[in-house]
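Everything below belongs to upload_39.cif, which stores mmCIF, C-alpha atoms and all ligand atoms.
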```
data_coords
#
loop_
_atom_site.label_atom_id
_atom_site.label_comp_id
_atom_site.auth_asym_id
_atom_site.auth_seq_id
_atom_site.Cartn_x
_atom_site.Cartn_y
_atom_site.Cartn_z
CA MET G 70 82.86 78.15 111.26
CA ARG G 71 80.43 79.61 108.74
CA LYS G 72 81.49 79.05 105.15
CA ASN G 73 83.55 82.08 104.22
CA LYS G 74 84.20 82.37 100.52
CA THR G 75 85.08 86.02 100.40
CA GLY G 76 88.04 86.83 98.20
CA LYS G 77 89.02 89.88 100.25
CA LEU G 78 90.39 90.43 103.73
CA ALA G 79 87.87 91.94 106.14
CA ALA G 80 90.58 93.77 108.08
CA LEU G 81 94.33 93.95 108.39
CA HIS G 82 96.28 93.12 111.53
CA THR G 83 98.75 95.99 111.37
CA PRO G 84 101.50 96.84 113.87
CA LEU G 85 99.15 99.58 115.11
CA GLY G 86 96.08 97.38 115.59
CA VAL G 87 93.25 95.93 113.51
CA ARG G 88 92.08 98.27 110.74
CA SER G 89 89.85 98.06 107.72
CA VAL G 90 91.82 97.97 104.47
CA TYR G 91 90.49 101.38 103.44
CA ASP G 92 91.40 103.00 106.77
CA SER G 93 94.83 101.45 106.65
CA VAL G 94 95.43 102.90 103.16
CA CYS G 95 94.11 106.31 104.24
CA PHE G 96 96.62 106.48 107.09
CA CYS G 97 99.36 107.09 104.51
CA ASN G 98 100.10 110.80 104.88
CA ARG G 99 102.25 110.93 101.71
CA CYS G 100 105.41 111.99 103.51
CA GLY G 101 107.62 109.92 101.18
CA MET G 102 109.98 108.60 103.87
CA CYS G 103 109.50 105.11 102.49
CA SER G 104 110.71 105.81 98.94
CA PRO G 105 114.49 105.63 99.55
CA VAL G 106 114.24 102.07 100.96
CA CYS G 107 111.96 100.63 98.28
CA PRO G 108 113.87 98.27 95.94
CA SER G 109 111.24 98.64 93.28
CA TYR G 110 111.55 102.45 93.35
CA ALA G 111 115.35 102.11 93.23
CA ALA G 112 115.11 100.00 90.08
CA GLN G 113 112.54 102.26 88.37
CA PRO G 114 112.45 105.67 90.09
CA LYS G 115 108.93 106.80 89.26
CA GLU G 116 106.37 108.11 91.72
CA ALA G 117 103.89 105.40 90.69
CA THR G 118 106.32 102.64 91.73
CA SER G 119 107.11 104.20 95.12
CA PRO G 120 105.21 102.91 98.17
CA ARG G 121 103.49 106.31 98.42
CA GLY G 122 102.37 106.13 94.78
CA ARG G 123 101.10 102.59 95.23
CA ASN G 124 99.08 103.54 98.30
CA GLN G 125 97.55 106.55 96.57
CA ALA G 126 96.58 104.47 93.54
CA PHE G 127 94.94 101.88 95.80
CA ARG G 128 93.08 104.58 97.69
CA LEU G 129 91.71 106.06 94.48
CA PHE G 130 90.72 102.58 93.36
CA LEU G 131 88.87 101.87 96.64
CA GLU G 132 87.09 105.22 96.38
CA GLY G 133 85.94 104.32 92.86
CA LYS G 134 87.78 107.27 91.34
CA LEU G 135 89.74 105.23 88.81
CA LYS G 136 87.86 104.28 85.68
CA ASN G 137 87.82 100.53 85.15
CA ASN G 138 89.11 100.64 81.57
CA ALA G 139 91.77 98.51 79.89
CA ARG G 140 94.47 101.20 80.01
CA ASN G 141 94.06 101.87 83.74
CA ARG G 142 93.95 98.20 84.48
CA ARG G 143 97.18 97.60 82.55
CA GLU G 144 98.93 100.35 84.51
CA LEU G 145 97.59 99.11 87.84
CA VAL G 146 98.66 95.53 87.14
CA LYS G 147 102.18 96.83 86.35
CA LEU G 148 102.18 98.74 89.62
CA ILE G 149 101.17 95.79 91.78
CA THR G 150 103.32 93.21 90.05
CA SER G 151 106.51 95.24 90.41
CA CYS G 152 106.19 95.31 94.21
CA THR G 153 108.42 92.61 95.73
CA LEU G 154 106.18 92.55 98.84
CA CYS G 155 109.31 92.90 100.96
CA GLY G 156 107.76 95.18 103.58
CA ARG G 157 110.82 97.47 103.90
CA CYS G 158 108.63 100.53 103.38
CA SER G 159 106.62 99.66 106.51
CA ARG G 160 109.75 99.69 108.61
CA ALA G 161 110.80 103.10 107.33
CA CYS G 162 107.30 104.53 107.62
CA PRO G 163 106.45 106.58 110.74
CA GLY G 164 102.92 105.10 110.69
CA GLN G 165 104.15 101.55 109.86
CA ILE G 166 101.70 101.47 106.95
CA PRO G 167 101.60 97.87 105.63
CA THR G 168 102.01 98.69 101.92
CA ALA G 169 102.92 95.09 101.01
CA GLN G 170 99.62 93.93 102.52
CA HIS G 171 97.82 96.66 100.58
CA MET G 172 99.40 95.46 97.34
CA LEU G 173 98.33 91.88 98.05
CA GLU G 174 94.79 93.09 98.66
CA PHE G 175 94.99 95.20 95.49
CA ARG G 176 95.96 92.06 93.52
CA ARG G 177 92.90 90.26 94.86
CA ARG G 178 90.52 93.11 94.09
CA LEU G 179 91.86 93.52 90.57
CA ARG G 180 91.65 89.74 90.13
CA ALA G 181 94.92 89.95 88.23
CA CYS G 182 96.17 86.50 87.25
CA LEU G 183 99.90 86.77 87.94
CA LEU G 184 100.88 83.18 87.42
CA PRO G 185 100.64 81.28 84.13
CA ARG G 186 97.39 79.30 84.25
CA THR G 187 99.12 75.94 83.80
CA LEU G 188 101.44 76.60 86.75
CA PHE G 189 98.56 77.80 88.92
CA VAL G 190 96.51 74.67 88.17
CA GLY G 191 99.57 72.47 88.83
CA LEU G 192 100.22 74.08 92.21
CA ARG G 193 96.55 73.83 93.13
CA LEU G 194 96.80 70.04 92.75
CA ARG G 195 98.97 69.97 95.84
CA GLN G 196 95.89 70.71 97.86
CA THR G 197 93.19 68.96 95.83
CA ALA G 198 95.08 65.78 94.81
CA PRO G 199 98.45 65.60 96.62
CA TRP G 200 99.27 62.12 95.25
CA LEU G 201 98.77 63.37 91.67
CA PHE G 202 100.89 66.44 92.39
CA GLU G 203 103.69 64.28 93.80
CA TRP G 204 103.51 61.94 90.84
CA GLY G 205 103.63 64.92 88.44
CA VAL G 206 106.69 66.42 90.19
CA ARG G 207 108.51 63.07 90.17
CA CYS G 208 107.77 62.70 86.43
CA GLY G 209 109.01 66.26 85.84
CA LEU G 210 112.26 65.58 87.71
CA TRP G 211 112.80 62.39 85.74
CA LEU G 212 112.16 64.23 82.44
CA HIS G 213 114.70 66.84 83.57
CA ARG G 214 117.31 64.17 84.22
CA VAL G 215 116.82 62.60 80.78
CA LYS G 216 116.93 66.15 79.29
CA VAL G 217 113.41 66.07 77.80
CA LEU G 218 111.81 68.67 80.09
CA PRO G 219 113.02 71.74 78.07
CA PHE G 220 110.93 70.53 75.11
CA ILE G 221 107.76 70.87 77.21
CA GLY G 222 108.69 74.53 77.65
CA VAL G 223 107.96 75.23 73.98
CA LEU G 224 104.30 74.19 74.37
CA PRO G 225 101.81 77.09 74.61
CA GLY G 226 101.24 78.07 78.25
CA PHE G 227 104.28 76.14 79.48
CA GLY G 228 106.98 78.80 78.93
CA TRP G 229 107.69 78.81 82.70
CA VAL G 230 109.08 75.26 82.39
CA LYS G 231 112.25 76.70 80.76
CA HIS G 232 112.95 78.74 83.88
CA VAL G 233 112.28 75.71 86.08
CA CYS G 234 114.83 73.73 84.01
CA GLU G 235 117.45 76.41 84.71
CA LEU G 236 116.74 76.25 88.43
CA LEU G 237 116.63 72.49 88.89
CA PRO G 238 119.87 70.90 90.09
CA SER G 239 121.15 68.43 87.47
CA ARG G 240 122.43 65.82 89.94
CA ARG G 241 120.14 63.09 91.15
CA GLN G 242 119.30 63.30 94.84
CA LYS G 243 117.90 60.70 97.19
CA PRO G 244 114.24 61.49 97.99
CA PHE G 245 113.45 62.82 101.45
CA MET G 246 111.62 59.97 103.23
CA PRO G 247 112.06 60.18 107.01
CA GLN G 248 110.26 57.89 109.42
CA ASP G 249 107.83 59.78 111.65
CA LYS G 250 108.50 59.43 115.36
CA THR G 251 105.79 58.44 117.78
CA ARG G 252 104.80 60.99 120.40
CA PRO G 253 106.48 63.83 118.45
CA THR G 254 107.78 66.93 120.12
CA ARG G 255 108.13 68.99 116.94
CA ILE G 256 106.43 69.14 113.55
CA TYR G 257 108.38 69.90 110.39
CA LEU G 258 106.53 71.21 107.36
CA PRO G 259 109.00 71.13 104.45
CA SER G 260 108.46 73.81 101.82
CA LEU G 261 107.64 72.75 98.28
CA GLU G 262 111.21 73.18 97.07
CA ALA G 263 112.76 71.51 100.12
CA GLN G 264 110.65 68.42 99.72
CA PHE G 265 110.91 67.90 95.96
CA ILE G 266 113.79 69.92 94.48
CA LEU G 267 116.26 70.20 97.36
CA PRO G 268 115.68 67.03 99.41
CA ASP G 269 119.17 67.39 100.93
CA LEU G 270 118.06 70.73 102.42
CA ALA G 271 114.97 69.08 103.93
CA ARG G 272 117.14 66.22 105.23
CA SER G 273 119.58 68.68 106.78
CA VAL G 274 116.75 70.54 108.58
CA TYR G 275 115.21 67.25 109.70
CA ASP G 276 118.52 65.81 110.97
CA THR G 277 119.35 69.02 112.83
CA ALA G 278 115.93 69.09 114.50
CA ALA G 279 115.98 65.34 115.20
CA LYS G 280 119.11 65.69 117.37
CA LYS G 281 117.01 67.26 120.10
CA HIS G 282 113.41 66.44 119.18
CA ARG G 283 111.16 63.62 118.04
CA VAL G 284 110.10 65.07 114.69
CA CYS G 285 107.02 64.27 112.66
CA VAL G 286 107.01 65.51 109.06
CA TRP G 287 103.95 66.83 107.25
CA LYS G 288 104.97 65.59 103.83
CA ASN G 289 103.50 67.06 100.65
CA THR G 290 101.36 69.50 102.60
CA ALA G 291 100.33 72.81 101.05
CA SER G 292 100.89 75.87 103.26
CA GLY G 293 98.42 78.16 101.44
CA LEU G 294 101.17 80.70 100.69
CA PHE G 295 100.85 80.50 96.90
CA GLU G 296 97.09 80.91 97.09
CA TYR G 297 97.48 83.86 99.47
CA VAL G 298 100.02 85.64 97.30
CA TYR G 299 98.42 84.89 93.96
CA GLY G 300 94.92 85.96 94.82
CA ASP G 301 92.91 82.86 95.80
CA LEU G 302 92.15 83.94 99.34
CA ALA G 303 89.21 81.58 99.93
CA ARG G 304 91.41 78.61 99.10
CA ALA G 305 94.29 79.92 101.23
CA ARG G 306 91.85 80.18 104.14
CA LYS G 307 90.64 76.63 103.56
CA ILE G 308 94.19 75.26 103.53
CA VAL G 309 95.16 77.13 106.69
CA ARG G 310 91.97 75.99 108.43
CA GLY G 311 92.97 72.39 107.61
CA LEU G 312 96.47 73.00 109.02
CA ILE G 313 95.08 74.52 112.22
CA ILE G 314 92.81 71.52 112.74
CA ARG G 315 95.64 69.08 112.01
CA HIS G 316 97.93 70.96 114.37
CA SER G 317 95.34 70.86 117.15
CA GLN G 318 95.05 67.08 116.66
CA THR G 319 98.80 66.40 116.69
CA GLY G 320 100.42 65.98 120.07
CA ASN G 321 98.55 68.12 122.52
CA GLY G 322 97.99 70.94 120.05
CA LYS G 323 100.97 72.85 121.39
CA LEU G 324 103.80 71.45 119.29
CA PRO G 325 106.14 73.93 117.63
CA LEU G 326 105.83 73.84 113.85
CA LEU G 327 109.13 74.22 112.02
CA SER G 328 109.42 75.83 108.59
CA ASP G 329 112.51 76.07 106.38
CA SER G 330 111.10 78.98 104.37
CA ILE G 331 111.01 82.53 105.72
CA ASP G 332 108.12 83.26 103.36
CA VAL G 333 105.98 80.46 104.80
CA TYR G 334 107.03 81.53 108.31
CA ASN G 335 106.02 85.17 107.69
CA PHE G 336 102.76 84.06 106.09
CA PHE G 337 101.88 81.80 109.04
CA LYS G 338 102.57 84.65 111.45
CA GLN G 339 99.92 86.66 109.61
CA VAL G 340 97.19 84.03 109.34
CA PRO G 341 94.96 85.49 112.11
CA GLN G 342 93.88 88.25 109.74
CA LEU G 343 92.57 85.61 107.32
CA PHE G 344 89.88 84.81 109.88
CA GLU G 345 88.93 88.33 110.93
CA GLY G 346 85.20 88.37 111.68
CA PHE G 347 85.27 84.87 113.26
CA PRO G 348 86.57 85.42 116.81
CA THR G 349 87.06 81.73 117.75
CA TRP G 350 89.03 81.12 114.56
CA VAL G 351 91.10 84.26 115.05
CA GLN G 352 92.06 82.85 118.45
CA LYS G 353 92.89 79.42 117.05
CA ALA G 354 94.87 81.02 114.22
CA GLN G 355 96.77 83.15 116.73
CA HIS G 356 97.67 80.05 118.73
CA PHE G 357 98.80 78.33 115.52
CA ALA G 358 100.87 81.39 114.51
CA ASP G 359 102.51 81.48 117.93
CA CYS G 360 103.64 77.86 117.48
CA VAL G 361 105.43 78.54 114.17
CA ARG G 362 109.26 78.52 114.26
CA PHE G 363 111.96 79.11 111.69
CA VAL G 364 114.85 76.73 111.12
CA CYS G 365 117.29 79.04 113.00
CA ASP G 366 115.44 77.91 116.11
CA VAL G 367 117.07 74.45 115.86
CA LEU G 368 120.48 75.49 114.48
CA PRO G 369 123.21 74.79 117.05
CA LYS G 370 125.34 77.68 118.32
CA LYS G 371 128.34 76.33 116.43
CA PRO G 372 126.98 74.70 113.25
CA ALA G 373 129.17 71.91 111.89
CA GLN G 374 129.89 73.39 108.44
CA ALA G 375 130.23 77.08 109.36
CA GLY G 376 133.97 77.05 108.55
CA ALA G 377 133.40 75.65 105.06
CA PHE G 378 131.97 78.83 103.52
CA ALA G 379 133.96 81.36 101.55
CA LYS G 380 134.06 84.82 103.13
CA PRO G 381 132.93 87.59 103.25
CA VAL G 382 129.42 86.51 103.98
CA PHE G 383 126.19 88.33 103.30
CA MET G 384 122.56 87.81 104.17
CA MET G 385 119.83 88.76 101.73
CA SER G 386 116.59 90.10 103.08
CA SER G 387 113.36 88.22 103.19
CA ALA G 388 111.33 88.12 100.02
CA LEU G 389 107.94 88.46 101.51
CA LEU G 390 105.98 90.57 103.92
CA ALA G 391 108.41 91.39 106.71
CA ASP G 392 111.92 92.65 106.26
CA ASP G 393 112.46 92.63 110.01
CA SER G 394 110.61 89.52 111.11
CA PRO G 395 112.00 87.90 114.31
CA ALA G 396 113.34 84.98 112.24
CA GLN G 397 115.29 87.34 110.02
CA ILE G 398 116.77 89.17 113.01
CA GLN G 399 117.70 85.85 114.60
CA ALA G 400 119.41 84.68 111.37
CA GLY G 401 121.38 87.95 111.21
CA GLN G 402 122.55 87.47 114.79
CA ILE G 403 123.68 83.89 114.12
CA LEU G 404 125.71 84.95 111.08
CA HIS G 405 127.14 87.93 112.91
CA THR G 406 128.32 85.74 115.80
CA LEU G 407 129.84 83.14 113.46
CA PHE G 408 131.51 85.35 110.88
CA LYS G 409 132.11 88.57 112.83
CA LYS G 410 133.81 91.15 110.60
CA ASN G 411 133.32 88.99 107.53
CA PHE G 412 129.58 89.33 107.82
CA VAL G 413 128.04 92.17 105.82
CA GLN G 414 124.38 92.52 106.65
CA CYS G 415 121.90 93.86 104.16
CA GLY G 416 119.82 96.24 106.24
CA TYR G 417 116.52 97.63 105.06
CA THR G 418 118.17 100.95 104.33
CA HIS G 419 120.25 99.35 101.57
CA ALA G 420 117.60 99.72 98.94
CA GLN G 421 119.99 98.59 96.23
CA ALA G 422 120.21 95.10 97.76
CA VAL G 423 116.99 93.70 96.43
CA PRO G 424 115.33 90.94 98.43
CA ALA G 425 115.95 87.48 97.08
CA GLY G 426 113.06 85.28 95.97
CA TYR G 427 111.97 86.87 92.74
CA GLY G 428 109.25 84.32 92.11
CA PHE G 429 106.75 86.64 93.76
CA VAL G 430 107.06 89.44 91.22
CA LYS G 431 106.12 89.34 87.57
CA ASP G 432 108.98 87.87 85.55
CA THR G 433 109.26 91.06 83.47
CA CYS G 434 110.41 92.96 86.61
CA ALA G 435 112.67 90.23 87.96
CA PRO G 436 115.80 90.77 85.76
CA ALA G 437 116.19 94.41 86.88
CA TYR G 438 115.95 93.37 90.54
CA GLU G 439 118.35 90.48 90.04
CA LEU G 440 120.95 92.77 88.52
CA GLU G 441 120.64 95.21 91.43
CA ALA G 442 121.18 92.36 93.88
CA VAL G 443 124.21 91.05 91.99
CA ARG G 444 125.70 94.57 91.72
CA THR G 445 125.45 95.00 95.50
CA LEU G 446 127.11 91.66 96.13
CA ALA G 447 129.93 92.43 93.69
CA LYS G 448 130.41 95.88 95.28
CA HIS G 449 130.98 94.23 98.67
CA GLN G 450 133.09 91.45 97.09
CA VAL G 451 130.82 88.91 98.74
CA GLN G 452 131.57 85.23 98.24
CA THR G 453 128.77 83.57 100.15
CA VAL G 454 125.20 84.82 100.39
CA PHE G 455 122.87 83.25 102.90
CA VAL G 456 119.17 83.42 102.21
CA LEU G 457 116.29 82.12 104.22
CA SER G 458 114.34 80.13 101.67
CA GLY G 459 115.27 77.32 99.31
CA LEU G 460 113.56 78.96 96.35
CA ALA G 461 115.36 82.26 96.98
CA ALA G 462 118.67 80.35 97.17
CA LEU G 463 118.01 78.69 93.80
CA GLU G 464 116.91 81.95 92.12
CA LEU G 465 119.80 83.99 93.47
CA ASP G 466 122.36 81.27 92.72
CA LEU G 467 121.20 81.20 89.11
CA ALA G 468 121.69 84.99 88.81
CA LEU G 469 125.13 84.72 90.45
CA ARG G 470 126.25 81.95 88.10
CA ARG G 471 125.35 84.24 85.20
CA PHE G 472 126.72 87.57 86.35
CA TYR G 473 129.05 87.07 89.33
CA PRO G 474 130.35 83.50 89.46
CA ALA G 475 132.74 84.32 92.34
CA ALA G 476 129.82 84.07 94.78
CA ARG G 477 127.37 81.36 95.79
CA ALA G 478 123.93 81.53 97.40
CA GLU G 479 123.06 79.06 100.15
CA HIS G 480 120.15 78.41 102.48
CA ILE G 481 121.12 79.21 106.06
CA ALA G 482 120.34 75.62 107.14
CA ARG G 483 123.45 74.52 105.17
CA LEU G 484 125.55 75.92 107.99
CA ASN G 485 124.91 72.61 109.64
CA GLY G 486 125.76 70.49 106.59
S1 LIG G 501 103.69 104.78 103.37
FE1 LIG G 501 104.37 105.79 105.28
S2 LIG G 501 106.40 106.64 104.80
FE2 LIG G 501 105.38 106.16 102.85
S3 LIG G 501 104.40 108.06 102.22
FE3 LIG G 501 102.87 106.89 103.36
S4 LIG G 501 103.04 107.56 105.48
FE4 LIG G 501 104.90 108.27 104.44
S1 LIG G 502 106.80 96.20 99.83
FE1 LIG G 502 108.92 96.52 99.15
S2 LIG G 502 108.77 96.75 96.92
FE2 LIG G 502 106.70 96.98 97.73
S3 LIG G 502 106.41 99.17 97.99
FE3 LIG G 502 107.19 98.39 99.96
S4 LIG G 502 109.43 98.58 99.86
FE4 LIG G 502 108.62 98.81 97.78
#
```
Output the file's structure as structure tokens, nothing else.
Ligand code: SF4
Ligand code: SF4
Amino acid sequence: MRKNKTGKLAALHTPLGVRSVYDSVCFCNRCGMCSPVCPSYAAQPKEATSPRGRNQAFRLFLEGKLKNNARNRRELVKLITSCTLCGRCSRACPGQIPTAQHMLEFRRRLRACLLPRTLFVGLRLRQTAPWLFEWGVRCGLWLHRVKVLPFIGVLPGFGWVKHVCELLPSRRQKPFMPQDKTRPTRIYLPSLEAQFILPDLARSVYDTAAKKHRVCVWKNTASGLFEYVYGDLARARKIVRGLIIRHSQTGNGKLPLLSDSIDVYNFFKQVPQLFEGFPTWVQKAQHFADCVRFVCDVLPKKPAQAGAFAKPVFMMSSALLADDSPAQIQAGQILHTLFKKNFVQCGYTHAQAVPAGYGFVKDTCAPAYELEAVRTLAKHQVQTVFVLSGLAALELDLALRRFYPAARAEHIARLNG
């Protein structure tokens, strides 16, 4: 493959075919059918924060009709950072316009740095020096246990550490160190949080999968999701290219790849568009995407711990890119079968139930969304909320502990212990 360092997508793979970004934005006919389902619009009902408003702003930007001054830039950054990238608008839209994809592309073109620099550099280490990253995380966890980590949060540029301290479980957990099986039949790529912060979640997924498969684990492996969401597209492409090559060299290149995070799953399903313009790589990426599975794929029909959860039960939507991805539908069906009338599903029409996983929006918008989510749960008197990513479970559980302690958030893999 030719070296491709472009920081923009050449084209989008939309439900209605491959389109240039500009064409895709222009297909928005401004009907407004998407506004009622947009959680961001529900929290701040202004035209600019509706999917229609976002698309129109992006179109004007692409046409060069918005002056590139500080005031405009400030407003545009607010507009793109308040989008939770949930993709609900696309499902409500008659033209299935991928507004979340547009907002990601808008982030890249504005070159808006949405993550604190120190956090961005730290996460980048996972790809450039994985051993250093692992060492850093282990040090951080140890500092948390001896209660020193909060003091790092007062250093300039490290304010995010305070939030991490709130999220981290206080109990010590055994690290996740499985032995790889020879001649594997399934690959497991643990998400960042499952490998380092919630090793019991990773162990649960591994044990469940290992009952039927010989599992090999890609430990401390970056997925490229952070780079994709936070604007470093060239690096995201490089990481995914590495994964595709590694996948083709493992087993016979056809092994299913298991993910415990719906965000990583949705991202992997969309990787072919990263390689648009390079037909052989689009094909390889498509094959890779077809091999990706979500953890529900290995959950047994009657998970061991299903009876242990307080009812009624709820499922929060995905945080990223596809509110109705096949994995999400499958998870809904599993919960519906297990909990029957006690299962209250959050459909995309329930705009007030904000998707969990607030790490992908700017922290100034997150509290309003959190409160909306908690209000919905309290309204339905929910006691257990299942979410489809470890990070979303941690974020939502923190909000519940603060505002609605009667409920708990859990990753769906916990159904099996
Ligand atoms: S994004 Fe779709 S639903 Fe929303 S205004 Fe545009 S065409 Fe209508
Ligand atoms: S992706 Fe979600 S938050 Fe963003 S505009 Fe669409 S519905 Fe609203």
inquiry  = At a cut-off of 9 Å and counting only C-alpha atoms and all ligand atoms, what residues surround ligand LIG 502 (chain G)? Please answer as an MDAnalysis selection string.
reply    = chainID G and resid 103:111 118:124 149 151:161 167:170 172 388:392 417 420 423:424
Using all atoms listed in the file, find each residue in chain G having at least one atom no more than 6 Å away from ligand LIG 501 (chain G); report its shortest atom-to-atom pair and that distance in Å (one decimal), rows by chain then rising number, as JSON lines.
```
{"residue": "G:Cys97", "atom": "CA", "partner": "G:LIG501", "partner_atom": "FE3", "distance": 3.7}
{"residue": "G:Asn98", "atom": "CA", "partner": "G:LIG501", "partner_atom": "S4", "distance": 4.4}
{"residue": "G:Arg99", "atom": "CA", "partner": "G:LIG501", "partner_atom": "S3", "distance": 3.6}
{"residue": "G:Cys100", "atom": "CA", "partner": "G:LIG501", "partner_atom": "FE4", "distance": 3.9}
{"residue": "G:Gly101", "atom": "CA", "partner": "G:LIG501", "partner_atom": "S3", "distance": 3.9}
{"residue": "G:Met102", "atom": "CA", "partner": "G:LIG501", "partner_atom": "S2", "distance": 4.2}
{"residue": "G:Cys103", "atom": "CA", "partner": "G:LIG501", "partner_atom": "S2", "distance": 4.2}
{"residue": "G:Pro120", "atom": "CA", "partner": "G:LIG501", "partner_atom": "FE2", "distance": 5.7}
{"residue": "G:Arg121", "atom": "CA", "partner": "G:LIG501", "partner_atom": "S3", "distance": 4.3}
{"residue": "G:Cys162", "atom": "CA", "partner": "G:LIG501", "partner_atom": "S2", "distance": 3.6}
{"residue": "G:Pro163", "atom": "CA", "partner": "G:LIG501", "partner_atom": "FE1", "distance": 5.9}
{"residue": "G:Gly164", "atom": "CA", "partner": "G:LIG501", "partner_atom": "FE1", "distance": 5.6}
{"residue": "G:Ile166", "atom": "CA", "partner": "G:LIG501", "partner_atom": "S1", "distance": 5.3}
```
ask   = Counting all atoms listed in the file, what is within 8 Å of stretch 454-457 of chain G, bar same-chain residues fewer than 3 positions away, as a list in words?
value =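 These residues fall inside the cut-off: Asp329, Ser330, Ile331, Val382, Phe383, Met384, Met385, Ser386, Ser387, Gln397, Ala425, Val451, Ala461, Ala462, Ala476, Arg477, Ala478, Glu479, His480 and Ile481 of chain G.
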key: Atom-to-atom span, atom CA of G:Ala271 and atom CA of G:Leu460, Å   = 12.5 Å
message = List as a list in words the protein and nucleic acid residues near stretch 202-208 of chain G, meaning an atom at most 10 Å away when all atoms listed in the file are counted, but skip any in the same chain fewer than 6 places from it.
response = Gly191, Leu192, Arg193, Leu194, Arg195, Gln196, Arg214, Leu218, Pro244, Phe265, Ile266 and Asn289 of chain G
Keeping C-alpha atoms for every residue in the selection just given, could you write it to a file as a compact mmCIF listing (two decimals), in the frame of the given file?
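For reference, again-v4.txt as written:
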```
# COMPACT_ATOMS: atom_id res chain seq x y z
CA GLY G 191 99.57 72.47 88.83
CA LEU G 192 100.22 74.08 92.21
CA ARG G 193 96.55 73.83 93.13
CA LEU G 194 96.80 70.04 92.75
CA ARG G 195 98.97 69.97 95.84
CA GLN G 196 95.89 70.71 97.86
CA ARG G 214 117.31 64.17 84.22
CA LEU G 218 111.81 68.67 80.09
CA PRO G 244 114.24 61.49 97.99
CA PHE G 265 110.91 67.90 95.96
CA ILE G 266 113.79 69.92 94.48
CA ASN G 289 103.50 67.06 100.65
```
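Here atom CA of G:Lys371 stands at a distance of 25.7 Å from atom CA of G:Leu465.
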query = What separation in Å, quoted to one decimal, exists between atom CA of G:Lys370 and atom CA of G:Ser292?
reply =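 Going from atom CA of G:Lys370 over to atom CA of G:Ser292 covers 28.8 Å.
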key: Option closest in space to G:Ala435, from G:Glu464, G:Pro369, G:Ala263, G:His449 [counting only C-alpha atoms]   =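 The answer is G:Glu464, which sits nearest to G:Ala435.
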query = Within 8 Å of stretch 125-130 of chain G, counting only C-alpha atoms, which residues qualify if same-chain residues fewer than 2 places away don't, as a PyMOL selection string?
reply = chain G and resi 91+94-95+117+121-123+132-135+145+171-172+175
query = What lies within 6 Å of stretch 298-309 of chain G using all atoms listed in the file, ignoring chain neighbours under 3 positions off, as a VMD selection string?
reply = chain G and resid 74 76 177 293 295 312
For stretch 247-249 of chain G: contacts at 8 Å, all atoms listed in the file, fewer than 5 positions along chain excluded, given as a list in words =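 In the requested format, the answer is Val284, Cys285 and Val286 of chain G.
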key: Nearest-residue call for G:Gly322, choices G:Ile256, G:Ile403, G:Val146, G:Leu212, using all atoms listed in the file   =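 Selected residue with least distance to G:Gly322: G:Ile256.
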ask   = Counting all atoms listed in the file, which of G:Asp393, G:Glu174, G:Glu116, G:Glu235 gets nearest to G:Leu467?
value =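 That would be G:Glu235, the residue with the smallest distance to G:Leu467.
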